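Notes for the one structure printed next.
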Amino acid sequence: MKEMPVAAAARLVNEHDTRLWRVLRYYVNRAMVEMDITEVKRIAIDETSSRRGHHYITLFVDVDTKRLLFATEGKGASGLETFKSFLKERNVPFQQIEEFCCDMSSAFISGIETHFPQSHITFDKFHVMKMVNESVDEVRRTEQKEVEELKKSRYIWLKNEAHLTDSQQEKLVKLKDTNLLTARAYRMKLALQEWWTYPAIYADLYFDSWYRWVVHSQIPPMVDTAKSLKRHENGLLRWFQTKLTNGLLEGLNSLIQATKRKARGFRTVDNFIAMAYVTVNKLQIVVNQPQ
């Protein structure tokens, strides 16, 4: 069942798939209960789609051991409350969680502040750069209506320059230092990208300088993003202390979604969560054989 769709495994052993799911969930739950989580201190949070439409599960991963500790249906603040209850059931004091790493979702933030008030929050830098990229692309889409050269140029502004083709690099070199709004937004993006390489002692000064530059640029999408980042400045600066990101979770999400596609979806959320535990944690499930 770890290697093929459960329906296919059911046909192979001449059994109904619902019975196989009950067996799998039983042993997965037992393996998860036996997992030692007494030392957990740092948690990365993200959500992943469970099926088409706005249906999600929220994942809680131990940053230090790279294990999926807990998954629950839904997203946002309610997931944090459920996670707190999970820790209580496992006799782990919620005050033990020192750090959460997540995106700038207001639901995640309010959930952490309400249920884990002692914890710090580090905002994921990859999510930050995704926001900035989306703003640069919004500027390009608006400006290309009047500037012919910007048409079919989307990827030159979004990709790392080292990953561009020769023709794309040539076009970027031609446009990036111009006074086009898109080019100016692109330079702001590069400047923020450079920020992550600076020593912690200069991080707040650098960000303040970048912020003033952007808000005075009068480029609305970039101004809006800069103001959003400013409201979350403490969590952004926290990264320079913890260096936490959700990069690991992005990789785990890819594994989980690949499993979902292979199975062509799962009938219930409980089935999906069970397979997520198996996929991420590579559980060695030992089935007691009758004597």
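Residue names in the structure tokens use chain letters A, B, ... in the order shown, residue numbers from 1 in each chain, and ligand numbers from 1 in the order shown.
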Expected answer as number ranges by chain: strand (DSSP E) residues in range 42-170 of chain A: A: 42-51, 55-62, 67-73, 99-102, 120-123
Residue selection dump (N, CA, C and O atoms) as a compact mmCIF listing (two decimals), in the first residue's frame:
```
# COMPACT_ATOMS: atom_id res chain seq x y z
N ARG A 42 10.92 23.29 17.71
CA ARG A 42 10.75 24.21 16.58
C ARG A 42 9.86 23.54 15.53
O ARG A 42 10.15 22.43 15.08
N ILE A 43 8.82 24.27 15.11
CA ILE A 43 7.80 23.71 14.22
C ILE A 43 7.65 24.57 12.96
O ILE A 43 7.57 25.80 13.05
N ALA A 44 7.62 23.90 11.82
CA ALA A 44 7.27 24.57 10.56
C ALA A 44 5.84 24.19 10.20
O ALA A 44 5.45 23.03 10.34
N ILE A 45 5.07 25.17 9.75
CA ILE A 45 3.65 24.95 9.42
C ILE A 45 3.38 25.31 7.97
O ILE A 45 3.89 26.31 7.46
N ASP A 46 2.56 24.50 7.34
CA ASP A 46 2.09 24.83 5.98
C ASP A 46 0.81 24.03 5.74
O ASP A 46 0.50 23.10 6.48
N GLU A 47 0.09 24.43 4.70
CA GLU A 47 -1.09 23.65 4.34
C GLU A 47 -0.88 23.04 2.97
O GLU A 47 -0.07 23.54 2.18
N THR A 48 -1.59 21.97 2.69
CA THR A 48 -1.53 21.34 1.38
C THR A 48 -2.93 20.91 0.99
O THR A 48 -3.77 20.60 1.85
N SER A 49 -3.20 20.91 -0.29
CA SER A 49 -4.54 20.58 -0.79
C SER A 49 -4.85 19.10 -0.57
O SER A 49 -4.04 18.23 -0.90
N SER A 50 -6.04 18.83 -0.03
CA SER A 50 -6.45 17.43 0.16
C SER A 50 -7.30 16.93 -1.00
O SER A 50 -7.30 15.74 -1.31
N ARG A 51 -8.03 17.83 -1.63
CA ARG A 51 -8.78 17.47 -2.85
C ARG A 51 -9.15 18.76 -3.56
O ARG A 51 -8.89 19.86 -3.07
N HIS A 55 -10.12 22.71 -0.12
CA HIS A 55 -10.04 21.68 0.92
C HIS A 55 -8.56 21.43 1.23
O HIS A 55 -7.79 21.08 0.33
N TYR A 56 -8.19 21.60 2.49
CA TYR A 56 -6.78 21.53 2.86
C TYR A 56 -6.59 20.71 4.12
O TYR A 56 -7.51 20.50 4.91
N ILE A 57 -5.35 20.25 4.30
CA ILE A 57 -4.90 19.79 5.60
C ILE A 57 -3.71 20.65 5.99
O ILE A 57 -2.98 21.16 5.12
N THR A 58 -3.54 20.86 7.29
CA THR A 58 -2.40 21.63 7.79
C THR A 58 -1.36 20.67 8.35
O THR A 58 -1.69 19.74 9.09
N LEU A 59 -0.10 20.90 7.98
CA LEU A 59 1.01 20.03 8.36
C LEU A 59 1.87 20.72 9.42
O LEU A 59 2.19 21.90 9.29
N PHE A 60 2.26 19.96 10.44
CA PHE A 60 3.15 20.46 11.49
C PHE A 60 4.39 19.57 11.49
O PHE A 60 4.32 18.38 11.83
N VAL A 61 5.52 20.14 11.11
CA VAL A 61 6.75 19.38 10.94
C VAL A 61 7.79 19.83 11.96
O VAL A 61 7.98 21.04 12.18
N ASP A 62 8.45 18.86 12.60
CA ASP A 62 9.56 19.14 13.51
C ASP A 62 10.76 19.54 12.66
O ASP A 62 11.30 18.74 11.90
N ARG A 67 10.46 15.37 10.77
CA ARG A 67 9.34 14.43 10.81
C ARG A 67 8.02 15.19 10.80
O ARG A 67 7.90 16.27 11.39
N LEU A 68 7.03 14.62 10.13
CA LEU A 68 5.68 15.14 10.18
C LEU A 68 5.06 14.67 11.50
O LEU A 68 4.74 13.51 11.66
N LEU A 69 4.90 15.60 12.44
CA LEU A 69 4.40 15.24 13.76
C LEU A 69 2.89 15.12 13.79
O LEU A 69 2.33 14.27 14.48
N PHE A 70 2.24 16.00 13.01
CA PHE A 70 0.79 16.08 13.12
C PHE A 70 0.22 16.69 11.85
O PHE A 70 0.81 17.59 11.26
N ALA A 71 -0.92 16.18 11.43
CA ALA A 71 -1.67 16.74 10.30
C ALA A 71 -3.14 16.77 10.68
O ALA A 71 -3.64 15.85 11.33
N THR A 72 -3.83 17.84 10.29
CA THR A 72 -5.23 17.97 10.65
C THR A 72 -6.00 18.62 9.52
O THR A 72 -5.44 19.41 8.74
N GLU A 73 -7.27 18.29 9.42
CA GLU A 73 -8.10 18.85 8.36
C GLU A 73 -8.30 20.34 8.58
O GLU A 73 -8.40 20.82 9.71
N GLU A 99 9.59 28.08 18.73
CA GLU A 99 9.60 28.77 17.44
C GLU A 99 8.63 28.13 16.46
O GLU A 99 8.53 26.90 16.38
N PHE A 100 7.92 28.97 15.72
CA PHE A 100 7.13 28.53 14.58
C PHE A 100 7.68 29.22 13.33
O PHE A 100 8.03 30.41 13.37
N CYS A 101 7.73 28.49 12.24
CA CYS A 101 8.07 29.07 10.94
C CYS A 101 6.87 28.89 10.03
O CYS A 101 6.36 27.76 9.87
N CYS A 102 6.39 29.97 9.43
CA CYS A 102 5.20 29.90 8.59
C CYS A 102 5.19 31.07 7.62
O CYS A 102 6.07 31.93 7.66
N HIS A 120 8.04 32.33 19.46
CA HIS A 120 8.43 33.31 18.45
C HIS A 120 7.97 32.83 17.08
O HIS A 120 7.72 31.65 16.86
N ILE A 121 7.84 33.80 16.15
CA ILE A 121 7.45 33.46 14.78
C ILE A 121 8.55 33.93 13.83
O ILE A 121 8.98 35.08 13.87
N THR A 122 9.01 33.02 12.99
CA THR A 122 9.91 33.36 11.89
C THR A 122 9.12 33.23 10.59
O THR A 122 8.55 32.17 10.32
N PHE A 123 9.08 34.29 9.80
CA PHE A 123 8.37 34.21 8.54
C PHE A 123 9.27 33.63 7.46
O PHE A 123 10.45 33.97 7.37
```
All alpha helix (DSSP H) residues (DSSP, backbone) inside range 89-255 of chain A, as a PyMOL selection string: chain A and resi 89+106-115+125-143+154-158+166-175+181-195+200-215+220-231+233-242+247-255
Among listed residues A:Lys66, A:Arg238, A:Lys230, A:Lys171, nearest Val40 in chain A (using only C-alpha atoms):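 Nearest to Val40 in chain A: A:Lys66.
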Length of the CA of Ile37 in chain A to CA of Asn246 in chain A vector [Å]: 19.9 Å
At a cut-off of 12 Å, can you tabulate as a tab-separated table every residue of range 162-188 of chain A near range 197-218 of chain A together with its closest atom pair and the distance in Å to one decimal, using only C-alpha atoms and ordering rows by chain then number?
```
residue	atom	partner	partner_atom	distance
A:Asn179	CA	A:Ser217	CA	11.6
A:Leu180	CA	A:Ser217	CA	11.9
A:Leu181	CA	A:Ser217	CA	9.2
A:Thr182	CA	A:Ser217	CA	11.7
A:Arg184	CA	A:Ser217	CA	8.6
A:Ala185	CA	A:Val214	CA	8.5
A:Tyr186	CA	A:Val214	CA	11.3
A:Arg187	CA	A:Val214	CA	10.3
A:Met188	CA	A:Val214	CA	7.1
```
Would you write out those residues with all heavy atoms, as a compact mmCIF listing (two decimals), in the first residue's frame?
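The result, written out as again.txt:
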```txt
# COMPACT_ATOMS: atom_id res chain seq x y z
N ASN A 179 14.25 52.95 -17.23
CA ASN A 179 13.37 53.60 -16.27
C ASN A 179 11.94 53.06 -16.34
O ASN A 179 11.03 53.66 -15.76
CB ASN A 179 13.35 55.12 -16.51
CG ASN A 179 12.93 55.88 -15.25
OD1 ASN A 179 13.30 55.51 -14.14
ND2 ASN A 179 12.12 56.92 -15.43
N LEU A 180 11.75 51.93 -17.00
CA LEU A 180 10.45 51.28 -17.01
C LEU A 180 10.05 50.93 -15.58
O LEU A 180 10.90 50.59 -14.75
CB LEU A 180 10.48 50.01 -17.85
CG LEU A 180 10.65 50.18 -19.36
CD1 LEU A 180 10.88 48.82 -20.02
CD2 LEU A 180 9.42 50.86 -19.96
N LEU A 181 8.76 51.01 -15.29
CA LEU A 181 8.29 50.66 -13.95
C LEU A 181 8.64 49.22 -13.61
O LEU A 181 9.01 48.91 -12.46
CB LEU A 181 6.78 50.87 -13.85
CG LEU A 181 6.26 52.31 -13.98
CD1 LEU A 181 4.74 52.33 -13.82
CD2 LEU A 181 6.92 53.22 -12.95
N THR A 182 8.53 48.33 -14.59
CA THR A 182 8.86 46.92 -14.36
C THR A 182 10.33 46.75 -14.00
O THR A 182 10.67 45.98 -13.10
CB THR A 182 8.53 46.08 -15.61
OG1 THR A 182 7.16 46.30 -15.96
CG2 THR A 182 8.77 44.61 -15.37
N ARG A 184 12.27 49.00 -12.64
CA ARG A 184 12.48 49.55 -11.30
C ARG A 184 12.00 48.57 -10.23
O ARG A 184 12.66 48.35 -9.21
CB ARG A 184 11.76 50.89 -11.17
CG ARG A 184 12.39 52.01 -12.01
CD ARG A 184 11.48 53.22 -12.09
NE ARG A 184 11.16 53.75 -10.77
CZ ARG A 184 10.17 54.61 -10.54
NH1 ARG A 184 9.39 55.01 -11.53
NH2 ARG A 184 9.96 55.06 -9.31
N ALA A 185 10.83 47.96 -10.47
CA ALA A 185 10.31 46.96 -9.53
C ALA A 185 11.27 45.77 -9.44
O ALA A 185 11.49 45.21 -8.35
CB ALA A 185 8.93 46.50 -9.97
N TYR A 186 11.84 45.38 -10.56
CA TYR A 186 12.79 44.26 -10.59
C TYR A 186 14.02 44.58 -9.75
O TYR A 186 14.51 43.73 -9.00
CB TYR A 186 13.19 44.00 -12.04
CG TYR A 186 14.24 42.94 -12.22
CD1 TYR A 186 13.95 41.59 -12.05
CD2 TYR A 186 15.55 43.28 -12.59
CE1 TYR A 186 14.92 40.61 -12.23
CE2 TYR A 186 16.52 42.31 -12.77
CZ TYR A 186 16.20 40.98 -12.60
OH TYR A 186 17.17 40.01 -12.78
N ARG A 187 14.51 45.82 -9.83
CA ARG A 187 15.69 46.20 -9.04
C ARG A 187 15.36 46.19 -7.54
O ARG A 187 16.21 45.86 -6.72
CB ARG A 187 16.20 47.57 -9.50
CG ARG A 187 16.77 47.57 -10.92
CD ARG A 187 17.59 48.82 -11.22
NE ARG A 187 16.80 50.03 -11.31
CZ ARG A 187 16.21 50.49 -12.42
NH1 ARG A 187 16.31 49.78 -13.55
NH2 ARG A 187 15.53 51.61 -12.42
N MET A 188 14.13 46.55 -7.22
CA MET A 188 13.71 46.47 -5.81
C MET A 188 13.69 45.02 -5.34
O MET A 188 14.08 44.72 -4.21
CB MET A 188 12.31 47.09 -5.65
CG MET A 188 12.26 48.58 -5.91
SD MET A 188 10.55 49.19 -6.02
CE MET A 188 10.83 50.84 -6.68
```
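CA of Gly251 in chain A to CA of Trp196 in chain A spans 21.1 Å [interatomic distance, one decimal].
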Nearest to Leu237 in chain A, chosen from A:Glu89, A:Asp124, A:Glu3, A:Glu98, with only C-alpha atoms counted in the distances: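 That would be A:Asp124, the residue with the smallest distance to Leu237 in chain A.
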Proximity to Ser228 in chain A - best of A:His115, A:Met131, A:Val6, A:Ile97, only C-alpha atoms: A:Met131
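Counting only C-alpha atoms and comparing A:Pro5, A:Gly235, A:Gly79, A:Pro93, the residue that lies closest to Lys125 in chain A is A:Gly235.
Distance-wise, CA of Trp21 in chain A and CA of Asn271 in chain A end up 6.9 Å apart.
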Among the residues A:Gln96, A:Thr242, A:Thr225, A:Ser135, the one that comes closest to Gln118 in chain A [using only C-alpha atoms]: A:Gln96
Given only C-alpha atoms as the counted atoms, nearest of A:Phe108, A:Glu146, A:Val63, A:Val92 to Ala77 in chain A: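 Among the listed residues, A:Phe108 lies closest to Ala77 in chain A.
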Exercise: Ser167 in chain A partners within 12 Å, only C-alpha atoms, chain neighbours under 6 positions left out, as a PyMOL selection string: chain A and resi 153+155-156+161+173-174
Writing out the chosen residues with N, CA and C atoms as a short mmCIF file (atom, residue, chain, number, x, y, z; two decimals), in the first residue's frame:
```cif
data_model
loop_
_atom_site.label_atom_id
_atom_site.label_comp_id
_atom_site.auth_asym_id
_atom_site.auth_seq_id
_atom_site.Cartn_x
_atom_site.Cartn_y
_atom_site.Cartn_z
N SER A 153 7.67 38.71 -21.78
CA SER A 153 8.91 38.86 -21.00
C SER A 153 8.74 38.41 -19.55
N TYR A 155 9.00 35.71 -17.71
CA TYR A 155 9.94 34.87 -16.97
C TYR A 155 11.30 35.54 -16.76
N ILE A 156 11.64 36.51 -17.58
CA ILE A 156 12.96 37.13 -17.37
C ILE A 156 12.99 37.93 -16.07
N GLU A 161 18.57 34.94 -12.73
CA GLU A 161 19.22 35.28 -14.00
C GLU A 161 20.08 34.14 -14.52
N VAL A 173 19.20 42.09 -20.04
CA VAL A 173 20.29 43.08 -20.01
C VAL A 173 19.84 44.37 -20.69
N LYS A 174 19.06 44.23 -21.73
CA LYS A 174 18.59 45.39 -22.49
C LYS A 174 17.58 46.22 -21.70
#
```
When you look at Leu255 in chain A with a cut-off of 12 Å (counting only C-alpha atoms), what residues show up, excluding the ones that are within fewer than 5 positions of it in the same chain? I need them as a PDB file with C-alpha atoms, in the first residue's frame.
```
ATOM      1  CA  THR A  48      -1.534  21.338   1.379  1.00  0.00           C
ATOM      2  CA  LEU A 248      11.698  21.465   3.758  1.00  0.00           C
ATOM      3  CA  LEU A 249       7.902  21.642   3.848  1.00  0.00           C
ATOM      4  CA  GLU A 250       7.736  22.609   0.189  1.00  0.00           C
ATOM      5  CA  LYS A 260      -2.237  11.898  -4.132  1.00  0.00           C
ATOM      6  CA  ARG A 261      -1.928  12.060  -7.920  1.00  0.00           C
ATOM      7  CA  LYS A 262      -0.690   8.470  -8.080  1.00  0.00           C
ATOM      8  CA  MET A 275      -0.763   8.245   3.676  1.00  0.00           C
ATOM      9  CA  ALA A 276       0.933  11.603   4.377  1.00  0.00           C
ATOM     10  CA  TYR A 277       2.418  10.142   7.570  1.00  0.00           C
ATOM     11  CA  VAL A 278       3.584   7.062   5.694  1.00  0.00           C
ATOM     12  CA  THR A 279       5.060   9.092   2.812  1.00  0.00           C
ATOM     13  CA  VAL A 280       6.863  11.762   4.831  1.00  0.00           C
ATOM     14  CA  ASN A 281       8.024   9.731   7.818  1.00  0.00           C
ATOM     15  CA  LYS A 282       8.749   6.522   5.881  1.00  0.00           C
TER      16      LYS A 282
END
```
